[in-house]
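S.K.: Below is the structure I would like to discuss, written out as structure tokens.
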Amino acid sequence: MEQRDLDCLLAIFASALELSSGTPDVEIRRLAIERWDSFAHVNIVTAIESEFDLSLDARDIERISSFEAARLLVEEKRQ
Amino acid sequence: MSAAEFEVDLDVDLARRFADMSGDWNPLHTDADYAAKTEFGRPVLHGAYVAALASRLAGMHLPGRGALLHGMRLRFVAPIRPPLRVVVGGRVVSASRGAGAVEFVVSEKHSGARLAEGCYDFGHHRMSTTEGSAGQPSRSIDAAIKTILVTGATGGLGSAVMAALGPNGCAVARGELASRCLLDWDGPIRGIVHCAWPAPDDEKFSAMRDAKSAIDFHVAAPLGEIQVLGALLAKWGAPGASLVLVGSSAALPGRHAWRSPLYSVAKGMVPALAQILAKELAPAGKRCMAVLFDVMDGGMNRGMSDVSRVAAADRLPSGRLPTTSDAAREIVWLLDNSGLLVSGATLTLTGAALP
């Protein structure tokens, strides 16, 4: 994934989860962030669909469990 | 007639290890520069290694424990040039009065190309059934009996259990379960770990093309296999012997969303069967337990996509996907626990993974 896309994805998570700047990517996991509730999850999903022009099905949505999982999902969907 | 199959990864260092063991350091097998100048282009594995594969087939599967090889014939069809994955498949072509013959084929996994073929004759070795003798203290039955049968021993979890058990593990082929020939087993056992299971199905339950066959394969056959193992432990299990059934979180509601309905149904039988067998085995001091695992790295999940692997790990507080070796260690721990209260229990060993 190009740096521009990584920055875009990180911005989506930062906005939806109100992350402080400098939060390490590896710490952006659903289990580790209390603010990651169902509302935040929907915001992340819709933003990814919009920014990356993707259509995510139910299985894709459930697999967005961390920043890393989302990055890999976007790469997989673009193939 | 029984049949069995297993797969082996042949790595580039195998020829050197075989040379170390056999003393055959012919450069065609061990010197890449030398082999590059031959018509083969790269090192060729010793043909005699095929004999080792046949030995594994005989000693672990056909006929398995108790095997005594009488003779073997081999034909090398094509050079074996690691690295590659091979499939070793064999079937009993004749058997009577404890002796028999097996034909086998070694083929490349990827292309299916036949690399070697052969046959062997087998009988059975004898084992004294008397404990102790005049002038010697008799051993306690628990210390003397170490054999633990492992079904699905060529799969991810089964092979990890075999590795964890070391020389005490004894592989059992699904063919032996299906044919019920295991009921002819002859010798005491300390336990059985049942890992063998059909791969998950992928058809909608309400739209199956051949529902009867699918249900026979995915539900009735595994149920029949557990019945065989229960009978086997009842007959040959030493006091304190255990049958460990491997369940799955696919039997519980979860993110799998019932994508493999027959697999979920069949794995759903495991807790009840553990209770049923625990009750029936208890009068003889034997036990049955079920262990339930979630997604793990390896085994049937070997082909999992990167995103699915990361997503599965994200559901664990540890953030680390367990391996088949982790699961095997838990099974050995359970076997080593001699308590009776655990009999009939289903232990959910998911590391607190979210459903």
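Residues are referred to by chain and number: the chain letter is A, B, ... according to the order shown in the structure tokens, the number counts from 1 in that chain, and ligands are numbered separately from 1 in the order shown.
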May I have the residues within 6 Å of range 330-343 of chain B as a VMD selection string, using only C-alpha atoms and disregarding those fewer than 3 positions away in the same chain?
M.R.: chain B and resid 278 287 to 289 327
S.K.: Hey, can you spit out that residue selection with N, CA and C atoms as an mmCIF file, in the first residue's frame?
M.R.:
data_model
loop_
_atom_site.group_PDB
_atom_site.id
_atom_site.type_symbol
_atom_site.label_atom_id
_atom_site.label_comp_id
_atom_site.auth_asym_id
_atom_site.auth_seq_id
_atom_site.Cartn_x
_atom_site.Cartn_y
_atom_site.Cartn_z
ATOM 1 N N ALA B 278 -18.097 -40.497 29.025
ATOM 2 C CA ALA B 278 -17.580 -40.374 30.396
ATOM 3 C C ALA B 278 -18.409 -41.249 31.337
ATOM 4 N N ARG B 287 -11.780 -42.320 31.299
ATOM 5 C CA ARG B 287 -12.342 -40.970 31.200
ATOM 6 C C ARG B 287 -12.523 -40.543 29.736
ATOM 7 N N CYS B 288 -13.407 -39.587 29.552
ATOM 8 C CA CYS B 288 -13.545 -38.960 28.238
ATOM 9 C C CYS B 288 -13.725 -37.463 28.444
ATOM 10 N N MET B 289 -12.958 -36.671 27.735
ATOM 11 C CA MET B 289 -13.049 -35.223 27.816
ATOM 12 C C MET B 289 -13.082 -34.631 26.405
ATOM 13 N N ALA B 327 -1.868 -25.786 21.025
ATOM 14 C CA ALA B 327 -3.039 -26.627 21.316
ATOM 15 C C ALA B 327 -2.612 -28.027 21.745
#
S.K.: Near chain A, meaning an atom within 12 Å, which residues of chain B appear when counting only C-alpha atoms? Write them as a VMD selection string.
M.R.: chain B and resid 254 to 259 305 to 319 352 to 355
S.K.: Grab the residues selected above and save them as a CSV table (one decimal), in the first residue's frame with C-alpha atoms.
M.R.:
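The result, stored in part19.csv:
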chain,number,residue,atom,x,y,z
B,254,GLY,CA,-20.0,-16.7,16.4
B,255,ARG,CA,-18.5,-14.7,13.5
B,256,HIS,CA,-18.3,-17.9,11.4
B,257,ALA,CA,-22.0,-17.2,10.8
B,258,TRP,CA,-22.7,-20.9,10.2
B,259,ARG,CA,-20.9,-20.9,6.9
B,305,SER,CA,-5.7,-15.2,4.0
B,306,ASP,CA,-3.4,-12.6,5.7
B,307,VAL,CA,-6.4,-10.4,6.6
B,308,SER,CA,-8.3,-13.4,8.2
B,309,ARG,CA,-5.2,-14.4,10.1
B,310,VAL,CA,-4.8,-10.9,11.5
B,311,ALA,CA,-8.5,-10.5,12.2
B,312,ALA,CA,-8.5,-13.8,14.1
B,313,ALA,CA,-5.5,-12.7,16.2
B,314,ASP,CA,-7.2,-9.4,16.9
B,315,ARG,CA,-10.0,-11.2,18.6
B,316,LEU,CA,-7.6,-12.6,21.2
B,317,PRO,CA,-6.5,-10.5,24.2
B,318,SER,CA,-3.0,-11.8,23.7
B,319,GLY,CA,-3.1,-10.6,20.1
B,352,ALA,CA,-10.6,-15.7,25.9
B,353,ALA,CA,-11.0,-15.0,22.2
B,354,LEU,CA,-14.1,-13.0,21.4
B,355,PRO,CA,-16.8,-15.0,19.5
S.K.: Go through range 219-355 of chain B and collect every residue that DSSP, computed from the backbone, puts in helix (DSSP H, G or I); the answer should be as a compact mmCIF listing (two decimals) with N, CA and C atoms, in the first residue's frame.
M.R.:
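Dumped to part34.txt:
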# COMPACT_ATOMS: atom_id res chain seq x y z
N VAL B 219 -21.33 -35.87 9.08
CA VAL B 219 -21.95 -36.04 10.40
C VAL B 219 -21.93 -37.52 10.83
N ALA B 220 -22.48 -38.40 9.98
CA ALA B 220 -22.60 -39.80 10.40
C ALA B 220 -21.23 -40.46 10.55
N ALA B 221 -20.34 -40.20 9.59
CA ALA B 221 -19.02 -40.85 9.65
C ALA B 221 -18.23 -40.42 10.90
N PRO B 222 -18.13 -39.12 11.21
CA PRO B 222 -17.42 -38.74 12.44
C PRO B 222 -18.06 -39.32 13.70
N LEU B 223 -19.39 -39.42 13.69
CA LEU B 223 -20.08 -40.02 14.85
C LEU B 223 -19.68 -41.49 14.99
N GLY B 224 -19.66 -42.19 13.85
CA GLY B 224 -19.27 -43.60 13.86
C GLY B 224 -17.83 -43.78 14.32
N GLU B 225 -16.97 -42.85 13.93
CA GLU B 225 -15.56 -42.95 14.32
C GLU B 225 -15.40 -42.79 15.83
N ILE B 226 -16.16 -41.86 16.40
CA ILE B 226 -16.07 -41.68 17.86
C ILE B 226 -16.61 -42.91 18.58
N GLN B 227 -17.62 -43.55 17.99
CA GLN B 227 -18.14 -44.79 18.58
C GLN B 227 -17.04 -45.86 18.60
N VAL B 228 -16.29 -45.98 17.48
CA VAL B 228 -15.19 -46.96 17.42
C VAL B 228 -14.16 -46.66 18.51
N LEU B 229 -13.83 -45.38 18.66
CA LEU B 229 -12.81 -45.02 19.65
C LEU B 229 -13.30 -45.27 21.08
N GLY B 230 -14.59 -45.01 21.30
CA GLY B 230 -15.14 -45.31 22.63
C GLY B 230 -15.07 -46.80 22.93
N ALA B 231 -15.40 -47.61 21.93
CA ALA B 231 -15.34 -49.07 22.10
C ALA B 231 -13.90 -49.52 22.31
N LEU B 232 -12.99 -48.88 21.59
CA LEU B 232 -11.57 -49.25 21.69
C LEU B 232 -11.05 -48.95 23.10
N LEU B 233 -11.40 -47.77 23.62
CA LEU B 233 -10.91 -47.42 24.96
C LEU B 233 -11.56 -48.32 26.01
N ALA B 234 -12.85 -48.64 25.78
CA ALA B 234 -13.52 -49.53 26.73
C ALA B 234 -12.83 -50.89 26.77
N LYS B 235 -12.36 -51.35 25.60
CA LYS B 235 -11.77 -52.69 25.53
C LYS B 235 -10.30 -52.69 25.97
N TRP B 236 -9.53 -51.69 25.50
CA TRP B 236 -8.08 -51.76 25.70
C TRP B 236 -7.50 -50.66 26.59
N SER B 249 -14.95 -24.15 18.05
CA SER B 249 -15.82 -23.01 18.31
C SER B 249 -16.84 -22.83 17.19
N ALA B 250 -16.65 -23.55 16.08
CA ALA B 250 -17.63 -23.49 14.99
C ALA B 250 -18.97 -24.08 15.40
N ALA B 251 -18.98 -24.81 16.54
CA ALA B 251 -20.23 -25.37 17.03
C ALA B 251 -21.02 -24.35 17.84
N PRO B 261 -22.34 -25.45 7.80
CA PRO B 261 -23.38 -25.96 8.70
C PRO B 261 -23.16 -27.39 9.17
N LEU B 262 -22.75 -28.29 8.30
CA LEU B 262 -22.59 -29.68 8.74
C LEU B 262 -21.40 -29.83 9.67
N TYR B 263 -20.35 -29.07 9.43
CA TYR B 263 -19.18 -29.09 10.32
C TYR B 263 -19.60 -28.61 11.70
N SER B 264 -20.40 -27.53 11.74
CA SER B 264 -20.87 -27.01 13.02
C SER B 264 -21.75 -28.02 13.74
N VAL B 265 -22.65 -28.65 12.99
CA VAL B 265 -23.54 -29.64 13.59
C VAL B 265 -22.74 -30.81 14.16
N ALA B 266 -21.80 -31.31 13.34
CA ALA B 266 -21.02 -32.48 13.78
C ALA B 266 -20.14 -32.15 14.98
N LYS B 267 -19.49 -31.00 14.96
CA LYS B 267 -18.66 -30.61 16.11
C LYS B 267 -19.54 -30.34 17.33
N GLY B 268 -20.80 -29.96 17.06
CA GLY B 268 -21.73 -29.74 18.16
C GLY B 268 -22.07 -31.01 18.93
N VAL B 270 -19.88 -33.10 19.95
CA VAL B 270 -18.73 -33.49 20.77
C VAL B 270 -18.98 -33.35 22.28
N PRO B 271 -19.52 -32.22 22.77
CA PRO B 271 -19.73 -32.14 24.23
C PRO B 271 -20.67 -33.22 24.77
N ALA B 272 -21.74 -33.51 24.02
CA ALA B 272 -22.68 -34.55 24.48
C ALA B 272 -22.00 -35.91 24.47
N LEU B 273 -21.22 -36.18 23.43
CA LEU B 273 -20.52 -37.47 23.35
C LEU B 273 -19.51 -37.62 24.49
N ALA B 274 -18.86 -36.52 24.85
CA ALA B 274 -17.91 -36.58 25.97
C ALA B 274 -18.64 -36.98 27.25
N GLN B 275 -19.85 -36.45 27.44
CA GLN B 275 -20.63 -36.79 28.63
C GLN B 275 -21.10 -38.25 28.58
N ILE B 276 -21.58 -38.65 27.40
CA ILE B 276 -22.09 -40.03 27.26
C ILE B 276 -20.98 -41.04 27.52
N LEU B 277 -19.82 -40.81 26.88
CA LEU B 277 -18.72 -41.76 27.03
C LEU B 277 -18.13 -41.70 28.44
N ALA B 278 -18.10 -40.50 29.02
CA ALA B 278 -17.58 -40.37 30.40
C ALA B 278 -18.41 -41.25 31.34
N LYS B 279 -19.73 -41.21 31.15
CA LYS B 279 -20.61 -42.02 32.00
C LYS B 279 -20.37 -43.52 31.77
N GLU B 280 -20.24 -43.91 30.49
CA GLU B 280 -20.11 -45.34 30.19
C GLU B 280 -18.73 -45.89 30.56
N LEU B 281 -17.70 -45.03 30.52
CA LEU B 281 -16.34 -45.50 30.79
C LEU B 281 -15.99 -45.43 32.27
N ALA B 282 -16.73 -44.63 33.03
CA ALA B 282 -16.38 -44.38 34.43
C ALA B 282 -16.29 -45.64 35.30
N PRO B 283 -17.21 -46.61 35.15
CA PRO B 283 -17.11 -47.78 36.04
C PRO B 283 -15.77 -48.50 35.94
N ALA B 284 -15.09 -48.39 34.81
CA ALA B 284 -13.78 -49.03 34.64
C ALA B 284 -12.65 -48.06 34.93
N GLY B 299 -2.50 -26.31 10.27
CA GLY B 299 -3.55 -27.30 10.09
C GLY B 299 -4.51 -26.90 9.00
N MET B 300 -5.81 -27.03 9.26
CA MET B 300 -6.80 -26.75 8.21
C MET B 300 -6.88 -25.26 7.90
N ASN B 301 -6.25 -24.42 8.73
CA ASN B 301 -6.24 -22.97 8.47
C ASN B 301 -4.99 -22.53 7.72
N ASP B 306 -4.14 -13.41 4.72
CA ASP B 306 -3.44 -12.58 5.71
C ASP B 306 -4.44 -11.80 6.56
N VAL B 307 -5.46 -11.25 5.89
CA VAL B 307 -6.41 -10.43 6.64
C VAL B 307 -7.20 -11.28 7.63
N SER B 308 -7.56 -12.49 7.24
CA SER B 308 -8.30 -13.37 8.17
C SER B 308 -7.42 -13.76 9.35
N ARG B 309 -6.13 -13.99 9.07
CA ARG B 309 -5.20 -14.36 10.15
C ARG B 309 -5.08 -13.22 11.16
N VAL B 310 -4.90 -12.01 10.64
CA VAL B 310 -4.76 -10.86 11.53
C VAL B 310 -6.07 -10.61 12.28
N ALA B 311 -7.20 -10.73 11.57
CA ALA B 311 -8.50 -10.50 12.22
C ALA B 311 -8.74 -11.52 13.32
N ALA B 312 -8.33 -12.77 13.08
CA ALA B 312 -8.50 -13.81 14.12
C ALA B 312 -7.62 -13.51 15.33
N ALA B 313 -6.40 -13.07 15.08
CA ALA B 313 -5.49 -12.74 16.19
C ALA B 313 -6.01 -11.53 16.96
N ASP B 314 -6.64 -10.59 16.24
CA ASP B 314 -7.17 -9.38 16.90
C ASP B 314 -8.28 -9.71 17.89
N THR B 324 -0.79 -24.83 16.33
CA THR B 324 -1.20 -26.20 16.63
C THR B 324 -0.33 -26.77 17.76
N SER B 325 0.91 -26.32 17.86
CA SER B 325 1.77 -26.79 18.96
C SER B 325 1.25 -26.31 20.30
N ASP B 326 0.75 -25.06 20.35
CA ASP B 326 0.15 -24.56 21.59
C ASP B 326 -1.01 -25.47 22.00
N ALA B 327 -1.87 -25.79 21.02
CA ALA B 327 -3.04 -26.63 21.32
C ALA B 327 -2.61 -28.03 21.75
N ALA B 328 -1.57 -28.55 21.09
CA ALA B 328 -1.09 -29.90 21.43
C ALA B 328 -0.60 -29.95 22.88
N ARG B 329 0.08 -28.88 23.31
CA ARG B 329 0.56 -28.84 24.70
C ARG B 329 -0.60 -28.89 25.69
N GLU B 330 -1.70 -28.22 25.34
CA GLU B 330 -2.88 -28.24 26.23
C GLU B 330 -3.46 -29.65 26.30
N ILE B 331 -3.45 -30.36 25.19
CA ILE B 331 -3.98 -31.73 25.18
C ILE B 331 -3.10 -32.64 26.03
N VAL B 332 -1.79 -32.49 25.92
CA VAL B 332 -0.88 -33.31 26.73
C VAL B 332 -1.08 -32.99 28.21
N TRP B 333 -1.26 -31.71 28.51
CA TRP B 333 -1.53 -31.30 29.90
C TRP B 333 -2.79 -31.99 30.42
N LEU B 334 -3.80 -32.06 29.58
CA LEU B 334 -5.05 -32.70 29.98
C LEU B 334 -4.84 -34.20 30.20
N LEU B 335 -4.07 -34.83 29.32
CA LEU B 335 -3.80 -36.27 29.47
C LEU B 335 -3.02 -36.55 30.75
N ASP B 336 -2.14 -35.61 31.12
CA ASP B 336 -1.30 -35.82 32.31
C ASP B 336 -2.07 -35.60 33.61
S.K.: Excluding same-chain residues fewer than 3 positions from range 17-19 of chain A, what lies within 8 Å of it counting only C-alpha atoms, as a list in words?
M.R.: Phe13, Ala14, Thr23, Ile33, Arg35, Trp36 and Ala40 of chain A
S.K.: Restricting the output to all heavy atoms, write the selected residues as a compact mmCIF listing (two decimals), in the first residue's frame.
M.R.:
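To be explicit, this is the file written out as out33.txt:
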# COMPACT_ATOMS: atom_id res chain seq x y z
N PHE A 13 -9.12 6.07 10.95
CA PHE A 13 -9.14 5.51 12.31
C PHE A 13 -8.98 6.61 13.36
O PHE A 13 -9.64 6.59 14.39
CB PHE A 13 -8.04 4.45 12.47
CG PHE A 13 -8.41 3.11 11.91
CD1 PHE A 13 -8.25 2.82 10.56
CD2 PHE A 13 -8.97 2.12 12.72
CE1 PHE A 13 -8.61 1.59 10.04
CE2 PHE A 13 -9.32 0.88 12.21
CZ PHE A 13 -9.14 0.62 10.86
N ALA A 14 -8.11 7.56 13.07
CA ALA A 14 -7.86 8.64 14.03
C ALA A 14 -9.13 9.45 14.26
O ALA A 14 -9.47 9.81 15.40
CB ALA A 14 -6.74 9.53 13.53
N THR A 23 -0.30 7.73 18.00
CA THR A 23 -0.68 6.38 18.44
C THR A 23 -0.08 5.36 17.49
O THR A 23 -0.31 5.42 16.28
CB THR A 23 -2.22 6.21 18.43
OG1 THR A 23 -2.80 7.22 19.25
CG2 THR A 23 -2.62 4.84 18.94
N ILE A 33 -9.05 -0.54 22.34
CA ILE A 33 -9.53 0.84 22.33
C ILE A 33 -11.01 0.88 22.74
O ILE A 33 -11.88 0.39 22.02
CB ILE A 33 -9.34 1.45 20.92
CG1 ILE A 33 -7.84 1.49 20.59
CG2 ILE A 33 -9.97 2.84 20.83
CD1 ILE A 33 -7.52 2.00 19.21
N ARG A 35 -13.07 3.25 22.89
CA ARG A 35 -13.95 4.09 22.08
C ARG A 35 -14.41 3.38 20.80
O ARG A 35 -15.28 3.87 20.08
CB ARG A 35 -13.21 5.39 21.73
CG ARG A 35 -14.09 6.62 21.89
CD ARG A 35 -13.32 7.89 21.63
NE ARG A 35 -12.91 8.52 22.86
CZ ARG A 35 -11.65 8.73 23.23
NH1 ARG A 35 -10.66 8.35 22.45
NH2 ARG A 35 -11.37 9.32 24.35
N TRP A 36 -13.81 2.25 20.53
CA TRP A 36 -14.17 1.50 19.31
C TRP A 36 -15.47 0.72 19.58
O TRP A 36 -15.45 -0.48 19.83
CB TRP A 36 -13.03 0.57 18.90
CG TRP A 36 -13.18 -0.04 17.54
CD1 TRP A 36 -14.32 -0.31 16.85
CD2 TRP A 36 -12.11 -0.46 16.68
NE1 TRP A 36 -14.05 -0.87 15.63
CE2 TRP A 36 -12.70 -0.98 15.49
CE3 TRP A 36 -10.73 -0.48 16.78
CZ2 TRP A 36 -11.93 -1.50 14.44
CZ3 TRP A 36 -9.97 -0.99 15.73
CH2 TRP A 36 -10.58 -1.49 14.57
N ALA A 40 -18.59 3.66 16.15
CA ALA A 40 -17.27 3.94 15.57
C ALA A 40 -16.96 2.95 14.45
O ALA A 40 -16.39 3.32 13.41
CB ALA A 40 -16.20 3.88 16.65
S.K.: Env of Glu103 in chain B: 12 Å cut, atoms = only C-alpha atoms, seq-sep filter 5 positions within chain, self excluded. Answer as a short mmCIF file (atom, residue, chain, number, x, y, z; two decimals) with N, CA and C atoms, in the first residue's frame.
M.R.:
data_model
loop_
_atom_site.label_atom_id
_atom_site.label_comp_id
_atom_site.auth_asym_id
_atom_site.auth_seq_id
_atom_site.Cartn_x
_atom_site.Cartn_y
_atom_site.Cartn_z
N MET B 1 -10.68 -53.43 2.27
CA MET B 1 -9.24 -53.32 2.55
C MET B 1 -8.91 -51.91 3.04
N SER B 2 -7.97 -51.79 3.96
CA SER B 2 -7.60 -50.51 4.53
C SER B 2 -6.72 -49.72 3.57
N ALA B 3 -6.79 -48.44 3.72
CA ALA B 3 -5.94 -47.55 2.93
C ALA B 3 -5.50 -46.41 3.84
N ALA B 4 -4.40 -45.79 3.48
CA ALA B 4 -3.90 -44.66 4.27
C ALA B 4 -3.09 -43.74 3.37
N GLU B 5 -2.98 -42.50 3.79
CA GLU B 5 -2.25 -41.52 2.99
C GLU B 5 -1.67 -40.47 3.94
N ALA B 54 8.12 -45.82 3.05
CA ALA B 54 7.33 -47.06 3.12
C ALA B 54 7.36 -47.62 4.54
N LEU B 57 4.86 -45.76 6.44
CA LEU B 57 3.52 -46.22 6.07
C LEU B 57 3.17 -47.52 6.81
N ALA B 58 4.17 -48.41 6.88
CA ALA B 58 3.93 -49.71 7.53
C ALA B 58 3.84 -49.56 9.04
N LEU B 62 -0.27 -48.84 7.97
CA LEU B 62 -0.69 -50.10 7.38
C LEU B 62 0.36 -51.18 7.63
N MET B 72 10.34 -55.86 0.92
CA MET B 72 9.87 -54.66 0.22
C MET B 72 10.43 -54.64 -1.20
N ARG B 73 9.64 -54.16 -2.14
CA ARG B 73 10.12 -53.95 -3.51
C ARG B 73 9.82 -52.51 -3.90
N LEU B 74 10.82 -51.86 -4.53
CA LEU B 74 10.67 -50.46 -4.91
C LEU B 74 10.96 -50.27 -6.38
N ARG B 75 10.30 -49.29 -6.99
CA ARG B 75 10.63 -48.90 -8.37
C ARG B 75 10.65 -47.38 -8.40
N VAL B 88 2.22 -39.80 0.07
CA VAL B 88 2.48 -41.24 0.13
C VAL B 88 1.13 -41.91 0.42
N GLY B 89 0.70 -42.72 -0.53
CA GLY B 89 -0.60 -43.38 -0.38
C GLY B 89 -0.44 -44.87 -0.55
N GLY B 90 -1.13 -45.64 0.27
CA GLY B 90 -1.03 -47.09 0.15
C GLY B 90 -2.34 -47.76 0.49
N ARG B 91 -2.44 -49.01 0.09
CA ARG B 91 -3.63 -49.78 0.46
C ARG B 91 -3.25 -51.24 0.65
N VAL B 92 -3.94 -51.88 1.55
CA VAL B 92 -3.71 -53.29 1.81
C VAL B 92 -4.35 -54.07 0.66
N VAL B 93 -3.56 -54.85 -0.05
CA VAL B 93 -4.11 -55.60 -1.20
C VAL B 93 -4.40 -57.05 -0.84
N SER B 94 -3.81 -57.52 0.26
CA SER B 94 -4.19 -58.85 0.74
C SER B 94 -3.88 -58.93 2.22
N ALA B 116 7.64 -42.66 -7.32
CA ALA B 116 8.09 -44.01 -6.96
C ALA B 116 6.88 -44.85 -6.61
N GLU B 117 7.06 -46.16 -6.70
CA GLU B 117 5.98 -47.06 -6.33
C GLU B 117 6.60 -48.34 -5.79
N GLY B 118 5.81 -49.11 -5.12
CA GLY B 118 6.36 -50.33 -4.57
C GLY B 118 5.33 -51.13 -3.81
N CYS B 119 5.81 -52.16 -3.15
CA CYS B 119 4.92 -52.97 -2.32
C CYS B 119 5.74 -53.60 -1.21
N TYR B 120 5.08 -53.94 -0.14
CA TYR B 120 5.78 -54.64 0.94
C TYR B 120 4.86 -55.69 1.56
N ASP B 121 5.51 -56.68 2.16
CA ASP B 121 4.79 -57.72 2.89
C ASP B 121 4.99 -57.49 4.38
N PHE B 122 3.94 -57.67 5.14
CA PHE B 122 4.07 -57.44 6.57
C PHE B 122 3.44 -58.56 7.38
#
